[in-house]
Every structure is written in C-alpha cells, then in structure tokens.
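Below is one structure, written out as structure tokens; comments come after it.
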Amino acid sequence: MSPAKRKRNGADTAATTTEIDQLRQGLAKELPPGIEVEFDEQFDAMFSYKAKNYALLTRSGDVIIKGGALKSRGLEKFQRVFLEEMIKLIMQGNPEEIARLRDQFEKQIRNRELPIEMLMKSDTLQDSLEKYRVKIAGSARNRAAAYELALASGRNYKPGDQISYYIKATPKKVAAYEAAKLASEFDPQSRDENVDYYISKLGELVKKFGSVTATVSGAKQESLAF
C-alpha cells in the first residue's frame with residue numbers, strides 16, 4: 001500500500017481527503033480492472049523500527065505499537081510506558097524532548113514515586129521446578145529469578161503459574177535473581193526497590209534506540225495515511 005503525504009511548514013503531514021482520492025485514482029490506473037483499493041483508516045504518523053515492528057499515531061493522539069521488539073514482554077511496565085512516550089515524541093517531530101522525558105522518569109525512580117506495578121516483572125513458569133533443578137545441575141540453562149523465588153517459597157508451583165517480582169536493594173551488587181523479591185511482599189511504607197538497577201534499565205532502553213533518535217533529531221518521521 002503506497003503512502004500518501006504532503007508538506008506543510010517543512011514537515012510531512014497526513015494527507016487530506018482530496019489527496020487520498022488522488023492516490024486511489026492513481027493506484028486504480030496501475031491495477032487490473034475490477035480491483036479497488038480501500039483505505040480503512042488514516043494516521044498522522046508512522047514510526048518504523050524494523051520489519052514488522054512499527055508504531056502508528058492516531059488522529060486523536062494515541063499510539064498503537066506493533067511487533068515484539070517494541071512491546072517485549074521482557075520489559076517492565078515503566079519501560080513500556082517510557083518507550084511509548086518516546087516514540088510518540090519522535091512521531092510528533094519532537095525528538096529533542098526525549099532527554100526531558102528520561103530525566104522525568106529517572107527522577108520518579110530515584111524518588112521512589114513509581115508504584116510497584118510499574119517496576120515489577122511477571123514471568124510464567126515454562127518448566128516444572130524439578131526440571132529446572134535438573135537443567136541448572138547440568139548447566140543447561142541459567143538461573144532465573146522467577147524459578148528461584150518459586151523454589152524458595154516452598155509452594156508447589158507448576159508450569160503455567162506466574163511469578164511477579166521486583167529487584168530489591170542489596171548491600172553489595174549481586175545477580176538479579178539473587179536480589180529478586182516477590183511483588184506481594186513489597187511494603188509501600190518501607191520501599192526497598194533497587195533504584196540504581198532500574199535507572200540502569202532505563203538507560204539501556206534509551207541506548208538501544210539511540211541510533212533511531214539520533215537519525216530523526218534533525219528531521220520528521222515520514223507521515224503516512226492508509
């Protein structure tokens with residue numbers, strides 16, 4: 001499907017109804033008789049990260065994200081929210097605001113203002129605890145926070161069960177699975193999340209998309225209308 005775009009004040013913007021009609025007519029001339037192109041919806045902008053991973057900015061300002069690379073289950077909720085806001089800034093043509101956005105999130109983490117739901121991660125057990133023990137003994141896999149917590153709990157967790165946890169602060173630096181703590185044990189009156197760990201996770205996310213934000217810093221992302 002071909003993009004419809006136009007220039008306004010030097011920026012690519014969504015096409016008008018007239019321009020969409022012109023595009024449809026142009027496509028009709030190229031297609032075999034009897035085949036028509038339907039435009040289901042129009043978006044203000046599109047952010048393309050890589051094949052099958054993209055985001056769309058709706059006319060109402062909402063962001064629709066598609067693809068595992070942009071909405072990975074391995075991300076904590078605060079990372080997913082930050083990523084959505086960052087992509088929205090890019091699609092709106094304001095990549096220079098990303099530094100401010102990062103400072104805002106970092107401040108919230110440092111001041112322990114985010115609810116535990118934003119920091120915790122939920123993993124689903126794929127193997128039985130016994131099978132996990134066997135794999136660890138045979139060096140067939142690495143230790144994982146969810147399984148270590150399940151083993152320590154003494155409960156009979158089974159494949160398909162979900163474990164929600166966060167990373168607590170420790171006197172010295174240890175592996176994440178050693179610092180993991182069940183989210184159900186979090187005390188909002190005596191917060192103990194590992195601030196440096198979560199700020200580091202935020203930095204890793206910014207770094208991952210650093211080349212993308214650098215590319216669009218001096219130019220708008222292409223606006224598409226479907």
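All residue names refer to the structure tokens as shown: chains lettered A, B, ... in order, residues numbered from 1 in each chain, ligands numbered from 1 in order.
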I'd like the neighbourhood of Gly160 (chain A) as a PyMOL selection string, where a residue qualifies if any of its atoms comes within 7 Å (using only C-alpha atoms), though same-chain residues fewer than 5 positions away should be ignored.
chain A and resi 124-126
Might you pull out every residue within 12 Å of Phe186 (chain A), with only C-alpha atoms counted and same-chain residues fewer than 6 positions away left off, and present them as a PyMOL selection string?
chain A and resi 115-117+119-120+164-168+180+192-193
With N, CA and C atoms retained, export the selected residues as a tab-separated table (two decimals), in the first residue's frame.
chain	number	residue	atom	x	y	z
A	115	PRO	N	4.65	3.28	41.41
A	115	PRO	CA	4.03	2.14	42.10
A	115	PRO	C	4.75	0.86	41.72
A	116	ILE	N	4.68	-0.14	42.57
A	116	ILE	CA	5.42	-1.38	42.32
A	116	ILE	C	4.96	-2.04	41.02
A	117	GLU	N	3.72	-1.80	40.62
A	117	GLU	CA	3.21	-2.38	39.36
A	117	GLU	C	4.01	-1.89	38.15
A	119	LEU	N	7.28	-1.31	38.26
A	119	LEU	CA	8.64	-1.84	38.36
A	119	LEU	C	8.71	-3.36	38.28
A	120	MET	N	7.66	-4.02	38.72
A	120	MET	CA	7.72	-5.48	38.80
A	120	MET	C	7.66	-6.13	37.42
A	164	SER	N	5.31	-12.85	40.02
A	164	SER	CA	5.56	-11.41	39.88
A	164	SER	C	6.58	-11.00	40.93
A	165	TYR	N	7.61	-10.28	40.49
A	165	TYR	CA	8.69	-9.92	41.40
A	165	TYR	C	9.33	-8.60	40.99
A	166	TYR	N	10.14	-8.07	41.89
A	166	TYR	CA	10.93	-6.87	41.59
A	166	TYR	C	12.32	-7.08	42.15
A	167	ILE	N	13.23	-6.17	41.85
A	167	ILE	CA	14.61	-6.28	42.31
A	167	ILE	C	14.82	-5.34	43.50
A	168	LYS	N	15.18	-5.91	44.61
A	168	LYS	CA	15.36	-5.12	45.83
A	168	LYS	C	16.81	-4.63	45.95
A	180	ALA	N	16.01	-10.72	43.70
A	180	ALA	CA	14.58	-10.70	43.38
A	180	ALA	C	13.74	-10.91	44.64
A	192	ASP	N	11.98	-0.74	49.21
A	192	ASP	CA	13.34	-1.27	49.13
A	192	ASP	C	13.76	-1.64	47.71
A	193	GLU	N	13.08	-1.05	46.69
A	193	GLU	CA	13.48	-1.35	45.32
A	193	GLU	C	14.88	-0.82	45.05
Per DSSP on the backbone, filter region 124-206 of chain A down to the residues in strand (DSSP E) and report them as a PyMOL selection string.
chain A and resi 124+162-167+180-182
Long-range neighbours of Lys121 (chain A) as a ChimeraX atom specification, 10 Å cut-off, only C-alpha atoms, 6 positions minimum in chain
/A:73-77,145-146,163-167,182-183
Generate the output file for the selected residues, N, CA and C atoms, as a short mmCIF file (atom, residue, chain, number, x, y, z; two decimals), in the first residue's frame.
data_model
loop_
_atom_site.label_atom_id
_atom_site.label_comp_id
_atom_site.auth_asym_id
_atom_site.auth_seq_id
_atom_site.Cartn_x
_atom_site.Cartn_y
_atom_site.Cartn_z
N ARG A 73 7.69 -8.57 26.18
CA ARG A 73 7.19 -8.97 27.50
C ARG A 73 8.31 -8.91 28.53
N GLY A 74 9.55 -8.84 28.05
CA GLY A 74 10.67 -8.79 28.97
C GLY A 74 10.88 -7.43 29.59
N LEU A 75 10.12 -6.45 29.14
CA LEU A 75 10.24 -5.09 29.68
C LEU A 75 9.31 -4.90 30.87
N GLU A 76 9.81 -4.20 31.88
CA GLU A 76 8.93 -3.80 32.98
C GLU A 76 7.96 -2.75 32.45
N LYS A 77 6.86 -2.52 33.14
CA LYS A 77 5.84 -1.61 32.66
C LYS A 77 6.37 -0.19 32.50
N ALA A 145 15.14 -15.54 38.12
CA ALA A 145 14.52 -15.02 39.33
C ALA A 145 13.21 -15.71 39.67
N ALA A 146 12.34 -15.89 38.68
CA ALA A 146 11.02 -16.47 38.94
C ALA A 146 11.14 -17.88 39.54
N ILE A 163 4.81 -15.78 38.27
CA ILE A 163 5.51 -15.20 39.42
C ILE A 163 5.76 -13.72 39.13
N SER A 164 5.31 -12.85 40.02
CA SER A 164 5.56 -11.41 39.88
C SER A 164 6.58 -11.00 40.93
N TYR A 165 7.61 -10.28 40.49
CA TYR A 165 8.69 -9.92 41.40
C TYR A 165 9.33 -8.60 40.99
N TYR A 166 10.14 -8.07 41.89
CA TYR A 166 10.93 -6.87 41.59
C TYR A 166 12.32 -7.08 42.15
N ILE A 167 13.23 -6.17 41.85
CA ILE A 167 14.61 -6.28 42.31
C ILE A 167 14.82 -5.34 43.50
N LEU A 182 9.41 -11.23 45.83
CA LEU A 182 8.03 -11.32 45.37
C LEU A 182 7.33 -9.97 45.48
N ALA A 183 6.60 -9.60 44.45
CA ALA A 183 5.89 -8.32 44.46
C ALA A 183 4.87 -8.27 45.58
#
Please, what distance in Å, to one decimal, runs between CA of Leu57 (chain A) and CA of Lys207 (chain A)?
23.0 Å
